[in-house]
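Student: Sharing a structure, written as structure tokens. Questions coming.
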Amino acid sequence: MTAVRSRSAIHATGLRKSYGEQVVLDGIDLDIAEGTVFALLGPNGAGKTTTVHILSTLIGADGGDVQVAGHDIAKEPDAVRAVIGLTGQVSAVDRLFTGEENLRLMADLRHLDKAEGHRRVAELLEQFDLVDAATKPVGVYSGGMKRRLDLAMTLIGDPRIIFLDEPTAGLDPRSRRVMWDIIHDLVGRGVTIFLTTQYLEEADRLAHRIAVLDRGKLVAEGTPNELKRLVSGGHIQLSFSDAVELERAARVFTDGSSDEEALTLQIPSDGGTRSLRALLDRLDAESIDVGGLVVQTPDLDDVFLSLTGDHDKQEATAR
Amino acid sequence: MNTYPLVVTDTATMLRRNLRRARRYPSLTFFIAAIPVIFLLLFVFVLGGTLGAGLGGVAGGRAEYTAYVLPGILLVTVAGAAQGTAISIAMDMSEGIIARFRTMAVARSSVLTGHVIGSVIQTMLAIVIVMVVSVLIGFRSTTGPIEWLAAAGLLALTAIAISWLSVALGMVSKSVETASNLPMFLVILPFLSSGFVPTDSMPDGLSWFAENQPFTPLIETVRGLLLGTPIGNSGIVGVGWCVAISVVGFLSARRLYERDPGS
């Protein structure tokens with residue numbers, strides 16, 4: 001713990017939003033330090049996009065106090081808008097324009113002078129590998145190119161805080177990696193990133209802090225490692241060929257939980273070699289016949305599933 | 001903060017964007033001029049001989065009807081542009097770029113004002129094309145440059161009113177298809193006016209409607225300015241309608257733009 005408290009880029013208390021009877025955000029508290037990456041994780045319909053839309057001044061909140069870059073979003077929206085950038089889920093490019101024209105438009109709207117605008121547009125085309133496509137209409141761009149242009153347009157005014165709403169959804173693995181590199185690069189330059197994602201790997205790889213949003217409430221918050229510690233996801237799973245062997249094993253490993261139907265036994269473990277050897281030795285000593293063995297270490301998927309419960313499954317069947 | 005120049009710069013940027021989009025999507029612009037030209041030729045050459053005879057003037061026939069119908073066609077041109085404006089607004093709103101504009105420190109009004117100015121410019125270009133065609137087929141104005149200027153001003157004012165109204169119609173539409181259908185009544189209205197036949201030749205109820213709807217005073221004023229017919233209070237009433245429609249269109253468009261996009 002450092003004694004110096006870093007300044008907050010985003011600070012929200014009691015953020016609420018409903019559409020009619022439906023409560024979308026039910027009192028959200030956020031505190032995001034400058035120059036960090038914050039990932040908001042959650043299943044579909046959890047309220048992630050609504051949160052991004054409120055923080056980026058696109059829509060109003062029903063309640064709560066929100067400061068972005070030290071400005072109240074309700075009282076000084078233009079001061080907030082001057083220092084933020086948003087790349088939403090829906091592509092925010094002009095399809096009838098070329099890539100270069102799109103960037104020029106942003107330079108004009110950010111009120112850069114002509115020379116500065118030209119310089120910045122050329123720089124971003126280069127940085128985002130869009131030089132060859134610069135004079136082609138965006139309508140012919142691939143999904144990855146469109147995303148890169150979208151983000152380049154967001155970066156024109158050098159925003160200090162960037163909102164990325166599912167920045168890699170629907171991208172192929174290569175484009176996803178390019179996007180991650182860009183995000184890394186931005187953070188290196190002191191930009192604060194607020195991203196939403198459904199990909200746990202993405203949050204794990206990019207974010208300093210992660211919050212899990214479920215049905216309008218934050219159900220957990222912390223570093224990726226802190227979140228992983230929240231669940232007792234680590235275990236060794238033994239499978240057996242018959243119920244008799246399972247029964248014998250369950251009597252030896254009393255802390256395990258057995259599944260009579262699948263003929264498996266889950267034993268909590270840190271997954272290390274030492275505990276694994278100890279387990280095998282005991283199995284040997286008791287001469288228990290094991291069909292198969294799987295070591296599982298906790299990952300964010302365990303966190304996600306244990307925190308958001310099976311309501312995701314319910315939603316999936318409801319659709 | 002000095003916001004006045006920002007409004008002007010941002011509106012100019014948005015206007016440039018809309019004009020460039022119009023050039024990239026030329027079929028929409030083409031139809032704004034082509035449809036009234038087709039109407040003009042249809043009314044003059046197919047219906048003009050008979051309708052002209054019914055006017056009871058000295059010259060009679062097709063030539064007289066050409067002069068009679070032109071002001072109506074000019075207003076059809078202005079009204080027809082509404083469809084294009086509503087469609088381009090609805091297309092714009094369906095794209096993510098408007099959300100981007102909303103989260104940037106851009107003058108709020110500039111997005112809509114850019115559309116309105118762009119649409120007025122397109123309409124006035126279409127008016128010029130219709131005028132050129134009308135001269136080619138024999139139309140001759142009997143008045144002078146001052147009256148022509150006044151007619152152009154009135155048509156521009158009407159274009160502003162119709163544009164604000166169609167921006168609002170485009171914003172209220174949930175889809176581009178709706179935006180294309182909603183302004184249809186604006187295209188029908190000029191036909192139920194004094195633009196194509198004198199209102200006293202219509203049945204009572206229709207004639208009352210024709211005399212009291214906004215397009216009739218506008219058509220009568222344009223007719224007076226181009227042909228020297230009596231204008232009476234049509235000018236004042238026409239301008240009044242334009243101002244009223246502009247205000248209603250502007251206020252509802254702004255309210256629709258300010259509402260949460262999610263609700």
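Residue numbers start at 1 in each chain; chains themselves are named A, B, ... in the order of the structure tokens; ligands are numbered from 1 in the order shown.
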Assign secondary structure with DSSP using the backbone only, and return the residues of stretch 22-256 of chain B in helix (DSSP H, G or I) as a count of residues only.

Tutor: 191

Student: Tell me, counting only C-alpha atoms, for each residue of chain A within 8 Å of chain B, which pair of atoms is nearest and how far apart they are in Å to one decimal, in rows ordered by chain and increasing number, as JSON lines.

Tutor:
```
{"residue": "A:Tyr19", "atom": "CA", "partner": "B:Ser263", "partner_atom": "CA", "distance": 6.8}
{"residue": "A:Ser56", "atom": "CA", "partner": "B:Thr103", "partner_atom": "CA", "distance": 6.2}
{"residue": "A:Thr57", "atom": "CA", "partner": "B:Thr103", "partner_atom": "CA", "distance": 6.0}
{"residue": "A:Leu58", "atom": "CA", "partner": "B:Thr103", "partner_atom": "CA", "distance": 5.8}
{"residue": "A:Ile59", "atom": "CA", "partner": "B:Asp260", "partner_atom": "CA", "distance": 5.2}
{"residue": "A:Gly60", "atom": "CA", "partner": "B:Asp260", "partner_atom": "CA", "distance": 7.0}
{"residue": "A:Asp78", "atom": "CA", "partner": "B:Ala105", "partner_atom": "CA", "distance": 5.2}
{"residue": "A:Ala79", "atom": "CA", "partner": "B:Ala105", "partner_atom": "CA", "distance": 7.5}
{"residue": "A:Arg81", "atom": "CA", "partner": "B:Met104", "partner_atom": "CA", "distance": 4.9}
{"residue": "A:Ala82", "atom": "CA", "partner": "B:Ala105", "partner_atom": "CA", "distance": 5.2}
{"residue": "A:Ile84", "atom": "CA", "partner": "B:Met104", "partner_atom": "CA", "distance": 7.8}
{"residue": "A:Gly85", "atom": "CA", "partner": "B:Thr103", "partner_atom": "CA", "distance": 7.4}
{"residue": "A:Leu86", "atom": "CA", "partner": "B:Arg100", "partner_atom": "CA", "distance": 6.8}
{"residue": "A:Thr87", "atom": "CA", "partner": "B:Arg100", "partner_atom": "CA", "distance": 7.8}
{"residue": "A:Gly88", "atom": "CA", "partner": "B:Gly96", "partner_atom": "CA", "distance": 7.8}
{"residue": "A:Val90", "atom": "CA", "partner": "B:Gly96", "partner_atom": "CA", "distance": 5.3}
{"residue": "A:Ser91", "atom": "CA", "partner": "B:Gly96", "partner_atom": "CA", "distance": 5.4}
{"residue": "A:Ala92", "atom": "CA", "partner": "B:Ile97", "partner_atom": "CA", "distance": 3.9}
{"residue": "A:Val93", "atom": "CA", "partner": "B:Ile97", "partner_atom": "CA", "distance": 5.4}
{"residue": "A:Asp94", "atom": "CA", "partner": "B:Ile97", "partner_atom": "CA", "distance": 6.5}
{"residue": "A:Leu96", "atom": "CA", "partner": "B:Arg21", "partner_atom": "CA", "distance": 6.3}
{"residue": "A:Phe97", "atom": "CA", "partner": "B:Arg21", "partner_atom": "CA", "distance": 7.5}
{"residue": "A:Leu105", "atom": "CA", "partner": "B:Thr13", "partner_atom": "CA", "distance": 7.3}
{"residue": "A:Asp108", "atom": "CA", "partner": "B:Thr13", "partner_atom": "CA", "distance": 6.7}
{"residue": "A:Leu109", "atom": "CA", "partner": "B:Asp10", "partner_atom": "CA", "distance": 6.3}
{"residue": "A:Arg110", "atom": "CA", "partner": "B:Ala105", "partner_atom": "CA", "distance": 7.4}
```

Student: Just list as a list in words whatever in stretch 171-243 of chain A DSSP marks as strand (DSSP E).

Tutor: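 Reading the DSSP output for stretch 171-243 of chain A, strand (DSSP E) covers Thr192, Ile193, Phe194, Leu195, Thr196, Thr197, Arg209, Ile210, Ala211, Val212, Leu213, Asp214, Lys217, Leu218, Val219, Ala220, Glu221, Gly222, His235, Ile236, Gln237, Leu238 and Ser239 of chain A.
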
Student: Excluding B:Ser193 and any residue of its chain fewer than 2 positions from it, enumerate the residues within 9 Å of it, using only C-alpha atoms, and give them as a count of residues only.

Tutor: 21

Student: Counting only C-alpha atoms, which residue out of A:Ala262, A:Met145, A:Ala249, A:Ile162 sits closest to A:Glu286?

Tutor: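 Between A:Ala262, A:Met145, A:Ala249, A:Ile162, the residue approaching A:Glu286 most closely is A:Ala249.
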
Student: Env of B:His115: 10 Å cut, atoms = only C-alpha atoms, seq-sep filter 2 positions within chain, self excluded. Answer as a PyMOL selection string.

Tutor: chain B and resi 11+14-19+85-86+88-89+110-113+117-121+163-164+167

Student: Would you mind exporting the chosen residues as a JSON list (two decimals), in the first residue's frame, restricted to N, CA and C atoms?

Tutor:
```json
[["chain", "number", "residue", "atom", "x", "y", "z"],
["B", 11, "THR", "N", -21.58, 23.74, -36.56],
["B", 11, "THR", "CA", -22.65, 23.66, -37.54],
["B", 11, "THR", "C", -22.06, 23.57, -38.95],
["B", 14, "MET", "N", -20.82, 20.06, -39.48],
["B", 14, "MET", "CA", -21.95, 19.14, -39.71],
["B", 14, "MET", "C", -22.55, 19.36, -41.10],
["B", 15, "LEU", "N", -22.61, 20.64, -41.52],
["B", 15, "LEU", "CA", -23.16, 20.94, -42.85],
["B", 15, "LEU", "C", -22.28, 20.31, -43.92],
["B", 16, "ARG", "N", -20.96, 20.49, -43.77],
["B", 16, "ARG", "CA", -20.03, 19.88, -44.74],
["B", 16, "ARG", "C", -20.23, 18.37, -44.78],
["B", 17, "ARG", "N", -20.42, 17.78, -43.59],
["B", 17, "ARG", "CA", -20.63, 16.34, -43.52],
["B", 17, "ARG", "C", -21.89, 15.95, -44.30],
["B", 18, "ASN", "N", -22.98, 16.69, -44.09],
["B", 18, "ASN", "CA", -24.24, 16.33, -44.74],
["B", 18, "ASN", "C", -24.18, 16.52, -46.25],
["B", 19, "LEU", "N", -23.51, 17.59, -46.69],
["B", 19, "LEU", "CA", -23.40, 17.82, -48.13],
["B", 19, "LEU", "C", -22.55, 16.73, -48.77],
["B", 85, "THR", "N", -34.99, 14.50, -46.31],
["B", 85, "THR", "CA", -34.46, 14.95, -45.02],
["B", 85, "THR", "C", -34.78, 13.95, -43.91],
["B", 86, "ALA", "N", -36.04, 13.52, -43.89],
["B", 86, "ALA", "CA", -36.46, 12.58, -42.84],
["B", 86, "ALA", "C", -35.68, 11.27, -42.96],
["B", 88, "SER", "N", -32.65, 10.86, -44.31],
["B", 88, "SER", "CA", -31.24, 10.97, -43.92],
["B", 88, "SER", "C", -31.08, 11.15, -42.41],
["B", 89, "ILE", "N", -32.05, 11.82, -41.77],
["B", 89, "ILE", "CA", -32.01, 11.91, -40.31],
["B", 89, "ILE", "C", -32.17, 10.54, -39.68],
["B", 110, "SER", "N", -25.85, 21.65, -33.34],
["B", 110, "SER", "CA", -25.20, 21.65, -34.65],
["B", 110, "SER", "C", -25.57, 20.45, -35.51],
["B", 111, "VAL", "N", -25.82, 19.29, -34.87],
["B", 111, "VAL", "CA", -26.15, 18.09, -35.64],
["B", 111, "VAL", "C", -27.43, 18.33, -36.44],
["B", 112, "LEU", "N", -28.46, 18.85, -35.76],
["B", 112, "LEU", "CA", -29.75, 19.06, -36.42],
["B", 112, "LEU", "C", -29.71, 20.25, -37.37],
["B", 113, "THR", "N", -29.08, 21.36, -36.91],
["B", 113, "THR", "CA", -29.02, 22.55, -37.76],
["B", 113, "THR", "C", -28.25, 22.24, -39.05],
["B", 117, "ILE", "N", -29.80, 23.03, -42.73],
["B", 117, "ILE", "CA", -29.18, 23.90, -43.74],
["B", 117, "ILE", "C", -28.85, 23.09, -45.00],
["B", 118, "GLY", "N", -28.33, 21.90, -44.81],
["B", 118, "GLY", "CA", -28.00, 21.04, -45.95],
["B", 118, "GLY", "C", -29.23, 20.76, -46.79],
["B", 119, "SER", "N", -30.34, 20.48, -46.11],
["B", 119, "SER", "CA", -31.57, 20.15, -46.82],
["B", 119, "SER", "C", -32.14, 21.38, -47.54],
["B", 120, "VAL", "N", -32.00, 22.57, -46.93],
["B", 120, "VAL", "CA", -32.48, 23.80, -47.59],
["B", 120, "VAL", "C", -31.66, 24.06, -48.86],
["B", 121, "ILE", "N", -30.34, 23.83, -48.77],
["B", 121, "ILE", "CA", -29.49, 24.02, -49.95],
["B", 121, "ILE", "C", -29.91, 23.07, -51.07],
["B", 163, "SER", "N", -38.08, 21.60, -43.51],
["B", 163, "SER", "CA", -36.90, 20.84, -43.07],
["B", 163, "SER", "C", -36.95, 20.57, -41.56],
["B", 164, "TRP", "N", -37.27, 21.60, -40.78],
["B", 164, "TRP", "CA", -37.34, 21.37, -39.32],
["B", 164, "TRP", "C", -38.43, 20.35, -39.00],
["B", 167, "VAL", "N", -37.10, 16.98, -39.98],
["B", 167, "VAL", "CA", -36.10, 16.50, -39.02],
["B", 167, "VAL", "C", -36.83, 15.86, -37.83]]
```

Student: Do you have the atom CA of B:Cys242-atom CA of B:Ser166 distance handy?

Tutor: 13.3 Å
